[in-house]
file work-v2.tsv (TSV, C-alpha atoms)
chain	number	residue	atom	x	y	z
A	295	MET	CA	55.51	31.46	86.11
A	296	GLU	CA	57.19	28.97	88.44
A	297	GLN	CA	55.08	27.92	91.44
A	298	THR	CA	56.78	28.55	94.82
A	299	GLU	CA	56.34	26.82	98.14
A	300	CYS	CA	53.98	29.44	99.52
A	301	GLY	CA	51.94	29.55	96.32
A	302	CYS	CA	52.58	33.20	95.61
A	303	GLY	CA	54.51	32.67	92.40
A	304	VAL	CA	56.89	35.47	93.35
A	305	CYS	CA	59.42	34.16	95.83
A	306	GLY	CA	60.22	31.31	98.15
A	307	GLU	CA	59.44	33.24	101.31
A	308	CYS	CA	56.22	34.66	102.62
A	309	GLN	CA	57.34	38.28	102.56
A	310	SER	CA	56.60	41.39	100.56
A	311	ASN	CA	59.12	42.21	97.86
A	312	GLU	CA	60.05	45.44	96.20
A	313	GLY	CA	60.17	45.21	92.41
A	314	LYS	CA	59.61	47.48	89.50
A	315	PHE	CA	55.87	47.33	90.20
A	316	GLY	CA	56.34	48.35	93.83
A	317	GLN	CA	55.32	46.34	96.87
A	318	VAL	CA	53.49	43.09	96.05
A	319	TRP	CA	51.71	40.47	98.10
A	320	THR	CA	53.49	37.16	98.47
A	321	LYS	CA	50.67	35.10	99.98
A	322	ARG	CA	47.92	33.89	97.73
A	323	GLN	CA	45.39	34.14	100.57
A	324	ASP	CA	46.16	37.84	100.98
A	325	ILE	CA	45.00	38.42	97.43
A	326	GLU	CA	42.01	36.11	97.62
A	327	ASN	CA	40.80	37.66	100.89
A	328	TYR	CA	41.25	41.27	99.80
A	329	GLY	CA	37.90	43.07	99.93
A	330	SER	CA	36.17	40.25	101.80
A	331	GLY	CA	36.63	41.79	105.24
A	332	PRO	CA	34.18	43.97	107.19
A	333	ARG	CA	32.09	46.39	105.15
A	334	ARG	CA	33.77	49.73	104.63
A	335	ARG	CA	32.22	52.71	106.34
A	336	ARG	CA	30.49	55.12	104.01
A	337	THR	CA	32.62	58.16	103.24
A	338	PHE	CA	31.05	61.62	103.01
A	339	HIS	CA	32.97	64.23	101.07
A	340	GLU	CA	32.93	67.90	101.93
A	341	ARG	CA	30.13	69.68	100.09
A	342	ARG	CA	30.88	72.88	98.20
A	343	TYR	CA	28.72	75.94	98.77
A	344	PHE	CA	29.00	77.20	95.22
A	345	LEU	CA	26.58	80.13	95.67
A	346	MET	CA	28.98	81.58	98.21
A	347	GLU	CA	32.15	80.71	96.29
A	348	TYR	CA	31.42	82.23	92.89
A	349	SER	CA	30.49	85.67	91.63
A	350	ASP	CA	27.51	86.10	89.31
A	351	SER	CA	29.77	86.14	86.25
A	352	GLN	CA	31.46	82.91	87.38
A	353	LEU	CA	28.08	81.29	88.04
A	354	ILE	CA	26.92	82.21	84.53
A	355	GLU	CA	30.06	80.64	83.06
A	356	ARG	CA	29.35	77.37	84.89
A	357	PHE	CA	25.55	77.19	85.09
A	358	ARG	CA	24.29	79.72	82.46
A	359	LEU	CA	22.40	81.51	85.24
A	360	ASP	CA	23.40	83.99	87.92
A	361	ARG	CA	22.65	83.64	91.64
A	362	ALA	CA	19.13	85.09	91.33
A	363	GLY	CA	18.37	82.83	88.37
A	364	ILE	CA	19.50	79.68	90.17
A	365	LEU	CA	17.40	80.55	93.20
A	366	TYR	CA	14.41	81.32	90.97
A	367	VAL	CA	14.61	77.89	89.33
A	368	THR	CA	15.08	76.28	92.72
A	369	ASP	CA	11.92	77.92	94.07
A	370	LEU	CA	9.96	76.43	91.16
A	371	VAL	CA	10.83	72.88	92.21
A	372	ARG	CA	11.73	73.27	95.89
A	373	ASP	CA	8.75	71.28	97.18
A	374	ALA	CA	9.41	68.43	94.76
A	375	LEU	CA	13.15	68.25	95.53
A	376	GLY	CA	13.03	68.65	99.30
A	377	SER	CA	14.21	65.63	101.29
A	378	GLN	CA	12.08	64.13	104.03
A	379	THR	CA	15.10	63.53	106.24
A	380	ALA	CA	18.53	65.01	106.88
A	381	ARG	CA	20.12	61.57	107.16
A	382	ASN	CA	23.09	60.68	104.97
A	383	LYS	CA	23.72	64.36	104.28
A	384	ALA	CA	20.83	64.69	101.82
A	385	LEU	CA	21.30	67.20	99.01
A	386	SER	CA	19.50	70.51	99.28
A	387	PRO	CA	17.17	71.60	96.44
A	388	GLU	CA	19.71	74.31	95.52
A	389	MET	CA	22.44	71.68	95.16
A	390	LYS	CA	20.25	69.43	93.01
A	391	VAL	CA	19.35	72.31	90.71
A	392	ALA	CA	22.99	73.41	90.41
A	393	ILE	CA	24.11	69.87	89.55
A	394	THR	CA	21.45	69.69	86.85
A	395	LEU	CA	22.19	73.14	85.42
A	396	GLY	CA	25.91	72.40	85.35
A	397	TYR	CA	25.29	69.12	83.56
A	398	LEU	CA	23.00	70.74	80.96
A	399	ALA	CA	25.29	73.73	80.46
A	400	THR	CA	28.56	71.87	80.00
A	401	GLY	CA	27.72	68.25	79.23
A	402	LYS	CA	30.37	67.28	81.76
A	403	MET	CA	30.60	63.62	82.79
A	404	GLN	CA	28.62	62.83	85.91
A	405	LEU	CA	31.73	61.47	87.59
A	406	CYS	CA	33.46	64.83	87.11
A	407	SER	CA	30.40	66.60	88.50
A	408	SER	CA	30.52	64.37	91.56
A	409	ASP	CA	34.12	65.47	92.15
A	410	ASP	CA	33.14	69.13	91.74
A	411	PHE	CA	30.22	68.99	94.18
A	412	GLY	CA	31.56	66.45	96.67
A	413	THR	CA	28.94	63.79	95.93
A	414	SER	CA	28.92	60.32	94.43
A	415	GLN	CA	28.14	59.68	90.76
A	416	PRO	CA	24.88	57.83	91.55
A	417	THR	CA	23.80	60.82	93.65
A	418	VAL	CA	24.49	63.14	90.71
A	419	SER	CA	22.45	60.91	88.41
A	420	ARG	CA	19.48	60.85	90.80
A	421	ALA	CA	19.64	64.62	91.33
A	422	ILE	CA	19.54	65.28	87.57
A	423	THR	CA	16.61	62.91	87.05
A	424	GLN	CA	14.61	64.34	89.96
A	425	THR	CA	15.20	67.93	88.91
A	426	LEU	CA	14.30	67.40	85.26
A	427	GLU	CA	11.13	65.53	86.18
A	428	ALA	CA	10.13	68.33	88.56
A	429	LEU	CA	10.78	71.05	85.99
A	430	ALA	CA	8.75	69.17	83.37
A	431	GLN	CA	5.60	69.11	85.48
A	432	ARG	CA	2.63	70.75	83.77
A	433	ASP	CA	2.31	73.52	86.38
A	434	ASN	CA	5.86	74.68	85.69
A	435	PHE	CA	5.59	74.13	81.96
A	436	ARG	CA	2.53	76.34	81.62
A	437	LYS	CA	4.19	79.23	83.41
A	438	PHE	CA	6.54	79.74	80.49
A	439	ILE	CA	5.09	78.05	77.41
A	440	ASN	CA	1.50	78.99	76.56
A	441	PHE	CA	-0.06	79.43	73.14
A	442	PRO	CA	-2.48	82.39	72.82
A	443	PHE	CA	-6.11	81.31	72.60
A	444	THR	CA	-8.19	84.41	73.26
A	445	GLN	CA	-8.83	87.02	70.58
A	446	GLN	CA	-7.10	89.66	72.65
A	447	GLU	CA	-3.96	87.55	73.05
A	448	VAL	CA	-3.81	86.69	69.34
A	449	GLN	CA	-4.27	90.34	68.36
A	450	ARG	CA	-1.48	91.44	70.69
A	451	LYS	CA	0.89	88.90	69.12
A	452	GLN	CA	-0.08	90.09	65.64
A	453	GLU	CA	0.62	93.69	66.58
A	454	GLN	CA	4.08	92.73	67.83
A	455	PHE	CA	4.97	91.10	64.50
A	456	MET	CA	3.53	94.07	62.63
A	457	GLN	CA	5.89	96.37	64.56
A	458	VAL	CA	8.89	94.19	63.77
A	459	ALA	CA	8.59	93.93	59.98
A	460	GLY	CA	5.20	95.20	58.92
A	461	PHE	CA	4.01	91.66	58.38
A	462	PRO	CA	0.25	91.34	59.04
A	463	SER	CA	-1.85	88.61	60.66
A	464	VAL	CA	1.02	86.65	62.21
A	465	ALA	CA	0.62	85.36	65.77
A	466	GLY	CA	3.64	83.05	65.78
A	467	VAL	CA	6.33	81.52	63.59
A	468	VAL	CA	7.37	77.88	63.48
A	469	ASP	CA	10.73	76.23	62.95
A	470	GLY	CA	12.44	72.97	63.73
A	471	THR	CA	15.78	71.82	65.05
A	472	HIS	CA	17.52	68.54	65.74
A	473	ILE	CA	18.68	68.05	69.33
A	474	ARG	CA	21.64	65.69	69.41
A	475	ILE	CA	21.27	62.73	71.79
A	476	ILE	CA	23.24	59.66	72.80
A	477	ALA	CA	22.26	56.64	70.72
A	478	PRO	CA	19.31	54.97	72.51
A	479	ARG	CA	19.28	51.23	73.19
A	480	GLU	CA	15.82	50.82	71.66
A	481	HIS	CA	14.83	51.94	68.15
A	482	GLU	CA	18.34	53.25	67.58
A	483	ALA	CA	18.03	53.48	63.78
A	484	GLU	CA	14.88	55.61	63.99
A	485	HIS	CA	16.80	58.36	65.78
A	486	VAL	CA	19.42	58.79	63.03
A	487	ASN	CA	18.60	61.96	61.06
A	488	ARG	CA	19.51	62.92	57.51
A	489	LYS	CA	22.83	64.33	58.72
A	490	ARG	CA	23.68	60.91	60.13
A	491	PHE	CA	23.68	61.62	63.86
A	492	HIS	CA	21.20	60.62	66.57
A	493	SER	CA	18.68	63.27	67.50
A	494	ILE	CA	15.19	64.30	68.53
A	495	ASN	CA	13.38	66.35	65.86
A	496	VAL	CA	11.91	69.30	67.78
A	497	GLN	CA	9.32	71.76	66.48
A	498	VAL	CA	9.09	75.18	68.15
A	499	VAL	CA	6.57	78.03	67.77
A	500	PHE	CA	7.63	81.45	69.07
A	501	ASP	CA	6.38	85.03	69.05
A	502	ALA	CA	7.94	88.36	68.03
A	503	THR	CA	9.79	88.62	71.36
A	504	TYR	CA	11.32	85.14	70.92
A	505	ARG	CA	9.13	83.67	73.64
A	506	ILE	CA	8.26	80.02	73.05
A	507	LEU	CA	4.53	79.51	72.56
A	508	ASP	CA	4.50	75.79	71.77
A	509	ILE	CA	7.02	72.98	71.54
A	510	VAL	CA	6.82	69.40	70.27
A	511	ALA	CA	9.77	67.25	71.36
A	512	LYS	CA	8.64	63.66	70.95
A	513	TRP	CA	9.71	62.59	67.46
A	514	PRO	CA	12.94	60.70	66.57
A	515	GLY	CA	15.41	62.32	64.21
A	516	SER	CA	14.42	60.28	61.15
A	517	VAL	CA	10.89	61.76	61.10
A	518	ASN	CA	10.33	64.31	58.34
A	519	ASP	CA	9.64	67.90	59.41
A	520	ALA	CA	6.26	67.89	57.64
A	521	SER	CA	5.07	65.04	59.88
A	522	LEU	CA	5.63	66.89	63.15
A	523	GLN	CA	2.49	67.89	65.00

call {"tool": "encode", "arguments": {"input": "work-v2.tsv", "output": "structure tokens"}}
result
Amino acid sequence: MEQTECGCGVCGECQSNEGKFGQVWTKRQDIENYGSGPRRRRTFHERRYFLMEYSDSQLIERFRLDRAGILYVTDLVRDALGSQTARNKALSPEMKVAITLGYLATGKMQLCSSDDFGTSQPTVSRAITQTLEALAQRDNFRKFINFPFTQQEVQRKQEQFMQVAGFPSVAGVVDGTHIRIIAPREHEAEHVNRKRFHSINVQVVFDATYRILDIVAKWPGSVNDASLQ
């Protein structure tokens, strides 16, 4: 490209020109100085009150839970997700839970979720991390997953299986499944299973009512089922 007097490489005059690419800058300093001015003010988008917008059926389509279910999950982690300040329009626990449930239910990109909820992508990422860590706390975990240890509990589980198929002396059944994951940066090859995709090999024990009694979710996909414990 021929160099011009003003250094813009577009024309011989310091003016904006209309071309097939639209309006262009004609001064090199305009381009070099773009973005170096005063810091832009932070922009807050309008938040969506999804619990008020959607019916229960619409909530189930988007979050796999209805209004009562979302509030129930929120109450489990409300103390852990509550913000200490209202500055910067902090997300409510309900919003953090909904962002996480939507992400788990649909696998939607975090950037798309930020558009849906009126937040930034980094905010979505932090909300998902905080919510999952809160839900995984032992106190919450034990409310739903608990293997029977007393004789009375074991006998009750055995009676349930006996009623289902007449099968005696069974307190729980075990099976495994591979949960697909994004290829990790570390030990990537160890997470490739026999079907040639990256996964976590998960072992689950459940009772006659399909309630999970025990779960082991720590082994990479290449580990043989017999080695899980």

call {"tool": "atom_distance", "arguments": {"input": "work-v2.tsv", "atom1": "atom CA of A:Glu484", "atom2": "atom CA of A:Ser516"}}
result
5.5 Å

call {"tool": "atom_distance", "arguments": {"input": "work-v2.tsv", "atom1": "atom CA of A:Ala374", "atom2": "atom CA of A:Glu427"}}
result
9.2 Å

call {"tool": "residues_around", "arguments": {"input": "work-v2.tsv", "residues": "A:Asp360", "least_positions_apart": "5", "cutoff": "9 Å", "atoms": "only C-alpha atoms", "output": "JSON, numbers by chain"}}
result
{"A": [349, 350, 351, 352, 353, 354, 355, 365]}

call {"tool": "residues_around", "arguments": {"input": "work-v2.tsv", "residues": "A:Ser419", "least_positions_apart": "4", "cutoff": "8 Å", "atoms": "all atoms listed in the file", "output": "ChimeraX atom specification"}}
result
/A:404,415,423

call {"tool": "residues_around", "arguments": {"input": "work-v2.tsv", "residues": "A:His492", "least_positions_apart": "2", "cutoff": "9 Å", "atoms": "all atoms listed in the file", "output": "list in words"}}
result
His472, Ile473, Arg474, Ile475, Ile476, Ala477, Pro478, Glu482, Ala483, Glu484, His485, Val486, Asn487, Lys489, Arg490, Ile494, Pro514, Gly515 and Ser516 of chain A

call {"tool": "residues_near_point", "arguments": {"input": "work-v2.tsv", "point": "(6.3, 75.0, 67.6)", "cutoff": "12 Å", "atoms": "all atoms listed in the file", "output": "list of chain:residue names"}}
result
A:Ile439, A:Asn440, A:Phe441, A:Ala465, A:Gly466, A:Val467, A:Val468, A:Asp469, A:Gly470, A:Thr471, A:Asn495, A:Val496, A:Gln497, A:Val498, A:Val499, A:Phe500, A:Asp501, A:Tyr504, A:Arg505, A:Ile506, A:Leu507, A:Asp508, A:Ile509, A:Val510, A:Ala511, A:Asp519, A:Leu522, A:Gln523

call {"tool": "atom_distance", "arguments": {"input": "work-v2.tsv", "atom1": "atom CA of A:Phe435", "atom2": "atom CA of A:Gly401"}}
result
23.1 Å

call {"tool": "residues_around", "arguments": {"input": "work-v2.tsv", "residues": "A:Thr400", "least_positions_apart": "3", "cutoff": "10 Å", "atoms": "all atoms listed in the file", "output": "list in words"}}
result
Glu355, Arg356, Phe357, Arg358, Leu395, Gly396, Tyr397 and Met403 of chain A

call {"tool": "residues_around", "arguments": {"input": "work-v2.tsv", "residues": "A:Ser408", "least_positions_apart": "4", "cutoff": "12 Å", "atoms": "only C-alpha atoms", "output": "list in words"}}
result
Phe338, His339, Glu340, Arg341, Arg342, Met389, Lys390, Ala392, Ile393, Thr394, Gly396, Tyr397, Lys402, Met403, Gln404, Gly412, Thr413, Ser414, Gln415, Pro416, Thr417, Val418, Ser419, Arg420, Ala421 and Ile422 of chain A

call {"tool": "build_atoms", "arguments": {"input": "work-v2.tsv", "residues": "stretch 453-486 of chain A", "atoms": "N, CA and C atoms", "output": "PDB file, keeping the file's coordinate frame"}}
result
ATOM      1  N   GLU A 453       0.113  92.326  66.545  1.00  0.00           N
ATOM      2  CA  GLU A 453       0.620  93.690  66.580  1.00  0.00           C
ATOM      3  C   GLU A 453       2.130  93.718  66.791  1.00  0.00           C
ATOM      4  N   GLN A 454       2.637  92.804  67.589  1.00  0.00           N
ATOM      5  CA  GLN A 454       4.080  92.730  67.830  1.00  0.00           C
ATOM      6  C   GLN A 454       4.834  92.396  66.549  1.00  0.00           C
ATOM      7  N   PHE A 455       4.325  91.437  65.768  1.00  0.00           N
ATOM      8  CA  PHE A 455       4.970  91.100  64.500  1.00  0.00           C
ATOM      9  C   PHE A 455       4.850  92.252  63.504  1.00  0.00           C
ATOM     10  N   MET A 456       3.737  92.932  63.534  1.00  0.00           N
ATOM     11  CA  MET A 456       3.530  94.070  62.630  1.00  0.00           C
ATOM     12  C   MET A 456       4.566  95.155  62.919  1.00  0.00           C
ATOM     13  N   GLN A 457       4.899  95.361  64.176  1.00  0.00           N
ATOM     14  CA  GLN A 457       5.890  96.370  64.560  1.00  0.00           C
ATOM     15  C   GLN A 457       7.303  95.963  64.151  1.00  0.00           C
ATOM     16  N   VAL A 458       7.547  94.670  64.105  1.00  0.00           N
ATOM     17  CA  VAL A 458       8.890  94.190  63.770  1.00  0.00           C
ATOM     18  C   VAL A 458       9.188  94.365  62.287  1.00  0.00           C
ATOM     19  N   ALA A 459       8.286  93.922  61.411  1.00  0.00           N
ATOM     20  CA  ALA A 459       8.590  93.930  59.980  1.00  0.00           C
ATOM     21  C   ALA A 459       7.416  94.321  59.098  1.00  0.00           C
ATOM     22  N   GLY A 460       6.355  94.815  59.713  1.00  0.00           N
ATOM     23  CA  GLY A 460       5.200  95.200  58.920  1.00  0.00           C
ATOM     24  C   GLY A 460       4.482  94.032  58.297  1.00  0.00           C
ATOM     25  N   PHE A 461       4.624  92.872  58.917  1.00  0.00           N
ATOM     26  CA  PHE A 461       4.010  91.660  58.380  1.00  0.00           C
ATOM     27  C   PHE A 461       2.681  91.431  59.108  1.00  0.00           C
ATOM     28  N   PRO A 462       1.557  91.389  58.382  1.00  0.00           N
ATOM     29  CA  PRO A 462       0.250  91.340  59.040  1.00  0.00           C
ATOM     30  C   PRO A 462      -0.210  89.916  59.370  1.00  0.00           C
ATOM     31  N   SER A 463      -1.095  89.835  60.344  1.00  0.00           N
ATOM     32  CA  SER A 463      -1.850  88.610  60.660  1.00  0.00           C
ATOM     33  C   SER A 463      -0.963  87.432  61.059  1.00  0.00           C
ATOM     34  N   VAL A 464       0.145  87.716  61.732  1.00  0.00           N
ATOM     35  CA  VAL A 464       1.020  86.650  62.210  1.00  0.00           C
ATOM     36  C   VAL A 464       1.010  86.638  63.728  1.00  0.00           C
ATOM     37  N   ALA A 465       0.620  85.502  64.315  1.00  0.00           N
ATOM     38  CA  ALA A 465       0.620  85.360  65.770  1.00  0.00           C
ATOM     39  C   ALA A 465       1.839  84.605  66.266  1.00  0.00           C
ATOM     40  N   GLY A 466       2.463  83.813  65.394  1.00  0.00           N
ATOM     41  CA  GLY A 466       3.640  83.050  65.780  1.00  0.00           C
ATOM     42  C   GLY A 466       4.315  82.465  64.557  1.00  0.00           C
ATOM     43  N   VAL A 467       5.586  82.157  64.681  1.00  0.00           N
ATOM     44  CA  VAL A 467       6.330  81.520  63.590  1.00  0.00           C
ATOM     45  C   VAL A 467       6.849  80.172  64.065  1.00  0.00           C
ATOM     46  N   VAL A 468       7.007  79.247  63.135  1.00  0.00           N
ATOM     47  CA  VAL A 468       7.370  77.880  63.480  1.00  0.00           C
ATOM     48  C   VAL A 468       8.685  77.507  62.807  1.00  0.00           C
ATOM     49  N   ASP A 469       9.481  76.746  63.507  1.00  0.00           N
ATOM     50  CA  ASP A 469      10.730  76.230  62.950  1.00  0.00           C
ATOM     51  C   ASP A 469      11.068  74.942  63.681  1.00  0.00           C
ATOM     52  N   GLY A 470      12.029  74.234  63.133  1.00  0.00           N
ATOM     53  CA  GLY A 470      12.440  72.970  63.730  1.00  0.00           C
ATOM     54  C   GLY A 470      13.930  72.895  63.932  1.00  0.00           C
ATOM     55  N   THR A 471      14.355  72.031  64.805  1.00  0.00           N
ATOM     56  CA  THR A 471      15.780  71.820  65.050  1.00  0.00           C
ATOM     57  C   THR A 471      15.992  70.395  65.533  1.00  0.00           C
ATOM     58  N   HIS A 472      17.179  69.880  65.283  1.00  0.00           N
ATOM     59  CA  HIS A 472      17.520  68.540  65.740  1.00  0.00           C
ATOM     60  C   HIS A 472      18.400  68.649  66.984  1.00  0.00           C
ATOM     61  N   ILE A 473      17.929  68.069  68.067  1.00  0.00           N
ATOM     62  CA  ILE A 473      18.680  68.050  69.330  1.00  0.00           C
ATOM     63  C   ILE A 473      19.468  66.753  69.392  1.00  0.00           C
ATOM     64  N   ARG A 474      20.778  66.875  69.399  1.00  0.00           N
ATOM     65  CA  ARG A 474      21.640  65.690  69.410  1.00  0.00           C
ATOM     66  C   ARG A 474      21.466  64.913  70.718  1.00  0.00           C
ATOM     67  N   ILE A 475      21.403  63.593  70.627  1.00  0.00           N
ATOM     68  CA  ILE A 475      21.270  62.730  71.790  1.00  0.00           C
ATOM     69  C   ILE A 475      22.261  61.578  71.688  1.00  0.00           C
ATOM     70  N   ILE A 476      22.464  60.894  72.799  1.00  0.00           N
ATOM     71  CA  ILE A 476      23.240  59.660  72.800  1.00  0.00           C
ATOM     72  C   ILE A 476      22.386  58.561  72.173  1.00  0.00           C
ATOM     73  N   ALA A 477      22.994  57.703  71.400  1.00  0.00           N
ATOM     74  CA  ALA A 477      22.260  56.640  70.720  1.00  0.00           C
ATOM     75  C   ALA A 477      21.453  55.823  71.727  1.00  0.00           C
ATOM     76  N   PRO A 478      20.130  55.736  71.573  1.00  0.00           N
ATOM     77  CA  PRO A 478      19.310  54.970  72.510  1.00  0.00           C
ATOM     78  C   PRO A 478      19.461  53.465  72.293  1.00  0.00           C
ATOM     79  N   ARG A 479      19.180  52.691  73.300  1.00  0.00           N
ATOM     80  CA  ARG A 479      19.280  51.230  73.190  1.00  0.00           C
ATOM     81  C   ARG A 479      18.145  50.662  72.346  1.00  0.00           C
ATOM     82  N   GLU A 480      16.973  51.298  72.417  1.00  0.00           N
ATOM     83  CA  GLU A 480      15.820  50.820  71.660  1.00  0.00           C
ATOM     84  C   GLU A 480      15.546  51.759  70.491  1.00  0.00           C
ATOM     85  N   HIS A 481      15.176  51.180  69.353  1.00  0.00           N
ATOM     86  CA  HIS A 481      14.830  51.940  68.150  1.00  0.00           C
ATOM     87  C   HIS A 481      15.964  52.895  67.757  1.00  0.00           C
ATOM     88  N   GLU A 482      17.164  52.412  67.846  1.00  0.00           N
ATOM     89  CA  GLU A 482      18.340  53.250  67.580  1.00  0.00           C
ATOM     90  C   GLU A 482      18.319  53.830  66.168  1.00  0.00           C
ATOM     91  N   ALA A 483      17.983  53.026  65.174  1.00  0.00           N
ATOM     92  CA  ALA A 483      18.030  53.480  63.780  1.00  0.00           C
ATOM     93  C   ALA A 483      17.025  54.601  63.515  1.00  0.00           C
ATOM     94  N   GLU A 484      15.902  54.588  64.214  1.00  0.00           N
ATOM     95  CA  GLU A 484      14.880  55.610  63.990  1.00  0.00           C
ATOM     96  C   GLU A 484      15.336  57.000  64.421  1.00  0.00           C
ATOM     97  N   HIS A 485      16.335  57.070  65.271  1.00  0.00           N
ATOM     98  CA  HIS A 485      16.800  58.360  65.780  1.00  0.00           C
ATOM     99  C   HIS A 485      17.959  58.930  64.965  1.00  0.00           C
ATOM    100  N   VAL A 486      18.361  58.272  63.887  1.00  0.00           N
ATOM    101  CA  VAL A 486      19.420  58.790  63.030  1.00  0.00           C
ATOM    102  C   VAL A 486      18.789  59.717  61.993  1.00  0.00           C
TER     103      VAL A 486
END
